[in-house]
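Q: There's a structure below that I have some questions on.
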Amino acid sequence: MSETNPAATAPVTADAAPHRYTAAMAAEIEARWQDFWDAEGTYAAPNPKGDLAGDPELVARPKKFIMDMFPYPSGAGLHVGHPLGYIATDVFARFQRMTGHNVLHTLGFDAFGLPAEQYAVQTGTHPRASTEANMKNMVSQLRRLGLGHDKRRSFATIDPEYYKWTQWIFLQIFNSWYDDEAKRARPISELVAQFDSGERAVPGGGTWSALTEAERADLLGEYRLAYASDAPVNWCPGLGTVLANEEVTADGRSERGNFPVFKSKLRQWNMRITAYADRLLDDLDQLDWPEAIKLQQRNWIGRSEGARVDFPVDGEHITVFTTRPDTLFGATYMVLAPEHPLVEKFTPAAWPEGTRDAWTGGHATPTEAVAAYRAQAASKSDVERQAEAKDKTGVFIGAYATNPVNGEQVPVFVADYVLMGYGTGAIMAVPAGDQRDFEFARAFELPIRCIVEPTDGRGTDPSTWESAFASYDAKIMNSSNGEVSLDGLGVVEAKERITEWLERTGAGAGTVNFRLRDWLFSRQRYWGEPFPIVYDEDGIAHPLPASMLPLELPEVEDYSPRTFDPDDADTKPETPLSRNEDWVHVTLDLGDGRGPRRYRRETNTMPNWAGSCWYELRYLDPHNSEQLVDPEIEQYWMGPREGLPHGGVDLYVGGAEHAVLHLLYARFWSKVLFDLGHVSSAEPFHKLFNQGMIQAYVYRDSRGIAVPAAEVEERDGAYFHGGEKVSRLLGKMGKSLKNAVTPDEICAEYGADTLRLYEMAMGPLDVSRPWDTRAVVGQFRLLQRLWRNVVDENTGRLSVADVAETDVDADTLRALHKAIDGVRQDLEGMRFNTAIAKVTELNNHLTKVGGPVPRPVAERLVLLVAPLAPHVAEELWRKLGHTASVVHEDFPVADPAYVVDETVTCVVQIKGKVKARLEVSPSVSEEDLEKAALADEKVVAALGGAGIRKVIVRAPKLVNIVPA
Ligand code: ANZ
């Protein structure tokens, strides 16, 4: 909203004090100190060695590695919502610097990505050119905020010197396998040695040396942590690319662009993240992360304990996954996912005798029925298939399987409520225990058997039931054969007993199933990291030697993958890189002893998550051309912390939207690098904090179209744009909603220190808050009062009283030390809003007391403000006569003598008679006061064991107890 602000414009009027803190003064001070900091390298964090080695005294301090989720350099630049987290980490980092830490804080750019590529497609500008221009713009916007970054450590993921190492990590992952026994990744050469020596049997018999090269490559592909496979992938014709599961919305559409996504069999690169499912889950317990994010990761990984059970069919069997093996006696039919590979095999030419009409879907043969049903299922997304809870569809495939526990012949169906991508893609259906099975059984006239004792009065006759009964607290019934009986057991014991029986008889085994799938890692895009992989004439993939990295992106004429009719599932991807023949077909000597040969390069690129999977490591040693990161430097900043097997970044701040994608992938890469001995921490981020969003009002006209917020006027609680009444709703801030406010505007009107204070004062950092330009002036006034408490507005000279602390009045000392104590705790706990409230309180106290502020108070006030408003603090510190930057000064420590609250006396009465007196804080809560009173010795003695009927608390002065 455009509004003239009297406080900001006042100084230019003739009668204003010439040395008042104004926007113009803030601009001058801020620019000057920013230049100073850059010139002095004030924020340079020294490494223990290497090109960034520095002051040993700083290196000897405890380290703090403070990090933001780095930005994508968007063409739209920053609005005031973007830097919320950056300001917060900056305040925190500054506080840590002032409390004796060597602080690493910097910021790079996550610069590969679709918008630059789309812009390139539209305009012909190389994505690098537009990305670099955007970065330049953002760097200057960010510089204006006075962020204390070690700029020597910044980089962009598109720098070839950076993605050289992204490619190098890919090769490490490609060249390793997961040893399930050792529970860690190992070099693939060790697996080859095991096959070669016979220590590990070659599947299918035979010896390693007898395998052809192609057979060896295929076999190793089954183990490698990065592998190509022809699995069904999420193919999005509208975007012309495949997508990871995490990039597909709950409605089965592309997160970006909202196009339909189809399951299509395509040869693609994958990362075997599933090998790490257990560790990714278990290690969450030791991370200092918001519970909500941990929960999302746990759900995404989706660990289910249960059993696999084999149901024999014609000498073969169908394996199901169940979380309720205890309900095996209630399994009255089976369901295969329509795509299950055994469907064809078990589907006979004709319906067996006695097939019910309801089961055939009206088709003359099972083959016809299954084909028709499959076609129908293929057109639905997984979510649609699971969501249509009420009308269950399916067809009988014409075959029966044997329930191993009771020998019963149960019919086998295909139905789309069973998904191929989960468990084994086949279920045993227990209508009594599972609601979906119950509904299906009702629709298809299948038997329902009561196998748990109902506890809700419904009775044991399922024909009278309206829903399944699957209580976990109930007892099992109707479940015994000659060998095993579950009757009367609780669910937990029943599961144990039946699992033991399954294992003993070979009919099944206990197992753990994960929802997590391997990570689809290739994209049909231009603006990403090329894979360091080439194929020989037999199509065998070979890794490039590290000496050939970075493999740089080739120039191409057309940046876009071929896109197709969004609804045409039968299309195939065509990558931009494949069009550069000279780049694709090369003669190389890979240094493997075969000499120069012809190869074809991989023409997919990596997904844009790759660059953000490991960037914390590169900040540590950004110019190292020999190693990803020097081990000693990595250990210094990331090494395991006391009592934990991992270390990691001390504070990582970013939006909650990255709960599973980025954070899960980065954890996975860390673990692989840890296993292979390249890093000392198995987790990248020890503490995670999600900042809230800055929201903004969106104004819409009668057609629902957003109108520029800055042009809206308020009249008597209603809003108008060009005379027309408009509606107002809180929403996101952004260009498209015409309500973006830029940091540049606010800095111009008030200065960066005011913007910083305002953003930090808006509320607790993790809570979303509405932006209100009109409220910014409040923080500007705080800085004006602060200035006035230290500097004479008329002369510009220092106005403090040069007295000793002993001469300061007790009230002021109490106000000062309480503020120091509170601000210290608040900054440590990232409660920046309450820290600002305490600074304000102290500042107001000084204004109220009047007269020159005593120097010991003024100095500490400036130090308290320094992390929050660093420019004005630096300026005042200089004015106070100091020559060193305030950035590395010690943060004040409170004198406890002034911090303890005065106490008040509380009388404790029993039936109106005073029995005890307690000294309590004036701010004691009623709850605490009641507890203290009841715990008092004299009160306990006076009550003599009598019960209590009532306690009346009037904090802080009275507690009256009425005994029973
Ligand atoms: C028998 C049973 C009885 C089941 C009962 C549940 C309750 P979670 O917990 O998510 O792991 N299931 C297994 N594979 C499936 C697939 N591919 N598509 C759809 N459903 C599938 O769920 C595991 C349960 O979901 C399994 O346990 C199976 O149904 C079903 F009273 O088996 B249950």
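Labels for the structure tokens follow display order: chains A, B, ..., residues from 1 in each chain, ligands from 1.
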From a DSSP pass on the backbone, collect the residues of region 515-713 of chain A flagged as strand (DSSP E or B) and hand them back as number ranges by chain.

A: A: 519-520, 523, 530, 533-535, 541-543, 585-588, 597-601, 605, 649, 651-654, 685, 687-690, 694-700, 706-707, 713

Q: Could you give me the residues within 7 Å of ligand 1, counting only C-alpha atoms and all ligand atoms, as a list in words?

A: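 Residues satisfying the distance criterion: Ser304, Val320, Phe321, Thr322, Thr323, Arg324, Pro325, Thr327, Ala337, Tyr417, Val418, Leu419, Met420, Gly421, Tyr422, Gly423, Thr424, Gly425, Ala426, Ile427, Met428, Ala429, Val430, Ala432, Gly433, Asp434, Ala470 and Asn513 of chain A.
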
Q: Contacts of Ala185 (chain A) at 12 Å or less, counting only C-alpha atoms, minus same-chain residues fewer than 3 places along, as a ChimeraX atom specification?

A: /A:172-182,188-191,223-226,272-273,275-276,279,668-678

Q: Among region 440-479 of chain A, which ones does DSSP place in helix (DSSP H, G or I), written as JSON, numbers by chain?

A: {"A": [440, 441, 442, 443, 462, 463, 464]}

Q: As a list of chain:residue names, please: the residues near Gly655 (chain A) (cut-off 9 Å, only C-alpha atoms, same-chain neighbours under 4 positions excluded).

A: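 Contacts, with the query itself left out: A:Met69, A:Gly85, A:Ala659, A:Phe689, A:Asn690, A:Gln691, A:Gly692, A:Met693.
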
Q: Just to be explicit: take each residue in the selection above, keep all heavy atoms, and write the result as a PDB file, in the first residue's frame.

A:
```
ATOM      1  N   MET A  69      18.018 -22.699   3.467  1.00  0.00           N
ATOM      2  CA  MET A  69      17.745 -23.394   2.210  1.00  0.00           C
ATOM      3  C   MET A  69      18.011 -22.380   1.111  1.00  0.00           C
ATOM      4  O   MET A  69      17.405 -21.306   1.103  1.00  0.00           O
ATOM      5  CB  MET A  69      16.307 -23.872   2.176  1.00  0.00           C
ATOM      6  CG  MET A  69      16.086 -25.001   3.151  1.00  0.00           C
ATOM      7  SD  MET A  69      14.450 -25.719   3.018  1.00  0.00           S
ATOM      8  CE  MET A  69      14.500 -26.847   4.426  1.00  0.00           C
ATOM      9  N   GLY A  85      13.534 -15.977   6.501  1.00  0.00           N
ATOM     10  CA  GLY A  85      14.451 -16.968   7.069  1.00  0.00           C
ATOM     11  C   GLY A  85      15.896 -16.486   7.043  1.00  0.00           C
ATOM     12  O   GLY A  85      16.659 -16.744   7.980  1.00  0.00           O
ATOM     13  N   ALA A 659       9.654 -30.988   3.173  1.00  0.00           N
ATOM     14  CA  ALA A 659       9.674 -32.049   4.174  1.00  0.00           C
ATOM     15  C   ALA A 659      10.200 -33.380   3.657  1.00  0.00           C
ATOM     16  O   ALA A 659      11.021 -34.011   4.304  1.00  0.00           O
ATOM     17  CB  ALA A 659       8.271 -32.227   4.741  1.00  0.00           C
ATOM     18  N   PHE A 689      14.703 -26.014  11.289  1.00  0.00           N
ATOM     19  CA  PHE A 689      13.661 -25.090  11.757  1.00  0.00           C
ATOM     20  C   PHE A 689      12.888 -24.613  10.536  1.00  0.00           C
ATOM     21  O   PHE A 689      13.488 -24.213   9.538  1.00  0.00           O
ATOM     22  CB  PHE A 689      14.313 -23.904  12.479  1.00  0.00           C
ATOM     23  CG  PHE A 689      13.321 -23.036  13.200  1.00  0.00           C
ATOM     24  CD1 PHE A 689      13.075 -23.219  14.546  1.00  0.00           C
ATOM     25  CD2 PHE A 689      12.620 -22.047  12.520  1.00  0.00           C
ATOM     26  CE1 PHE A 689      12.151 -22.427  15.221  1.00  0.00           C
ATOM     27  CE2 PHE A 689      11.690 -21.257  13.181  1.00  0.00           C
ATOM     28  CZ  PHE A 689      11.459 -21.448  14.537  1.00  0.00           C
ATOM     29  N   ASN A 690      11.569 -24.667  10.609  1.00  0.00           N
ATOM     30  CA  ASN A 690      10.748 -24.196   9.486  1.00  0.00           C
ATOM     31  C   ASN A 690      10.188 -22.826   9.817  1.00  0.00           C
ATOM     32  O   ASN A 690       9.425 -22.687  10.775  1.00  0.00           O
ATOM     33  CB  ASN A 690       9.573 -25.137   9.227  1.00  0.00           C
ATOM     34  CG  ASN A 690      10.025 -26.522   8.838  1.00  0.00           C
ATOM     35  OD1 ASN A 690       9.636 -27.510   9.448  1.00  0.00           O
ATOM     36  ND2 ASN A 690      10.862 -26.600   7.819  1.00  0.00           N
ATOM     37  N   GLN A 691      10.550 -21.851   9.022  1.00  0.00           N
ATOM     38  CA  GLN A 691       9.961 -20.532   9.278  1.00  0.00           C
ATOM     39  C   GLN A 691       8.555 -20.495   8.700  1.00  0.00           C
ATOM     40  O   GLN A 691       8.231 -21.250   7.783  1.00  0.00           O
ATOM     41  CB  GLN A 691      10.830 -19.411   8.687  1.00  0.00           C
ATOM     42  CG  GLN A 691      10.587 -19.075   7.225  1.00  0.00           C
ATOM     43  CD  GLN A 691      11.418 -19.943   6.296  1.00  0.00           C
ATOM     44  OE1 GLN A 691      11.946 -20.975   6.693  1.00  0.00           O
ATOM     45  NE2 GLN A 691      11.529 -19.537   5.040  1.00  0.00           N
ATOM     46  N   GLY A 692       7.720 -19.615   9.253  1.00  0.00           N
ATOM     47  CA  GLY A 692       6.370 -19.444   8.719  1.00  0.00           C
ATOM     48  C   GLY A 692       6.426 -18.654   7.422  1.00  0.00           C
ATOM     49  O   GLY A 692       7.495 -18.310   6.933  1.00  0.00           O
ATOM     50  N   MET A 693       5.264 -18.388   6.881  1.00  0.00           N
ATOM     51  CA  MET A 693       5.210 -17.628   5.630  1.00  0.00           C
ATOM     52  C   MET A 693       4.782 -16.203   5.919  1.00  0.00           C
ATOM     53  O   MET A 693       4.006 -15.968   6.842  1.00  0.00           O
ATOM     54  CB  MET A 693       4.147 -18.231   4.722  1.00  0.00           C
ATOM     55  CG  MET A 693       4.514 -19.564   4.156  1.00  0.00           C
ATOM     56  SD  MET A 693       4.520 -19.503   2.381  1.00  0.00           S
ATOM     57  CE  MET A 693       2.796 -19.189   2.069  1.00  0.00           C
TER      58      MET A 693
END
```

Q: Within 8 Å of Ile952 (chain A), counting only C-alpha atoms, which residues show up once you throw out same-chain ones fewer than 4 positions away? Write them as a PyMOL selection string, please.

A: chain A and resi 959-961

Q: Extract, using only C-alpha atoms, all DNA, RNA and protein residues at most 12 Å from region 47-49 of chain A, discarding same-chain residues fewer than 2 positions from it, and format them as a PyMOL selection string.

A: chain A and resi 44-45+51-61+63+65+102-104+150+152-153+619-622+624+629-637

Q: Quick one, how far is CA of Ile87 (chain A) from CA of Gly751 (chain A)?

A: 14.1 Å

Q: Could you tell me how far CA of Met135 (chain A) lies from CA of Pro83 (chain A), in Å and to one decimal?

A: 14.7 Å

Q: When you look at Gly947 (chain A) with a cut-off of 12 Å (counting only C-alpha atoms), what residues show up, excluding the ones that are within fewer than 2 positions of it in the same chain? I need them as an NGL selection string.

A: :A and (934 or 940 or 942-945 or 949-951 or 961-964)

Q: So how far away is CA of Trp771 (chain A) from CA of Tyr21 (chain A), in Å?

A: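 Pair CA of Tyr21 (chain A) / CA of Trp771 (chain A) returns 24.0 Å.
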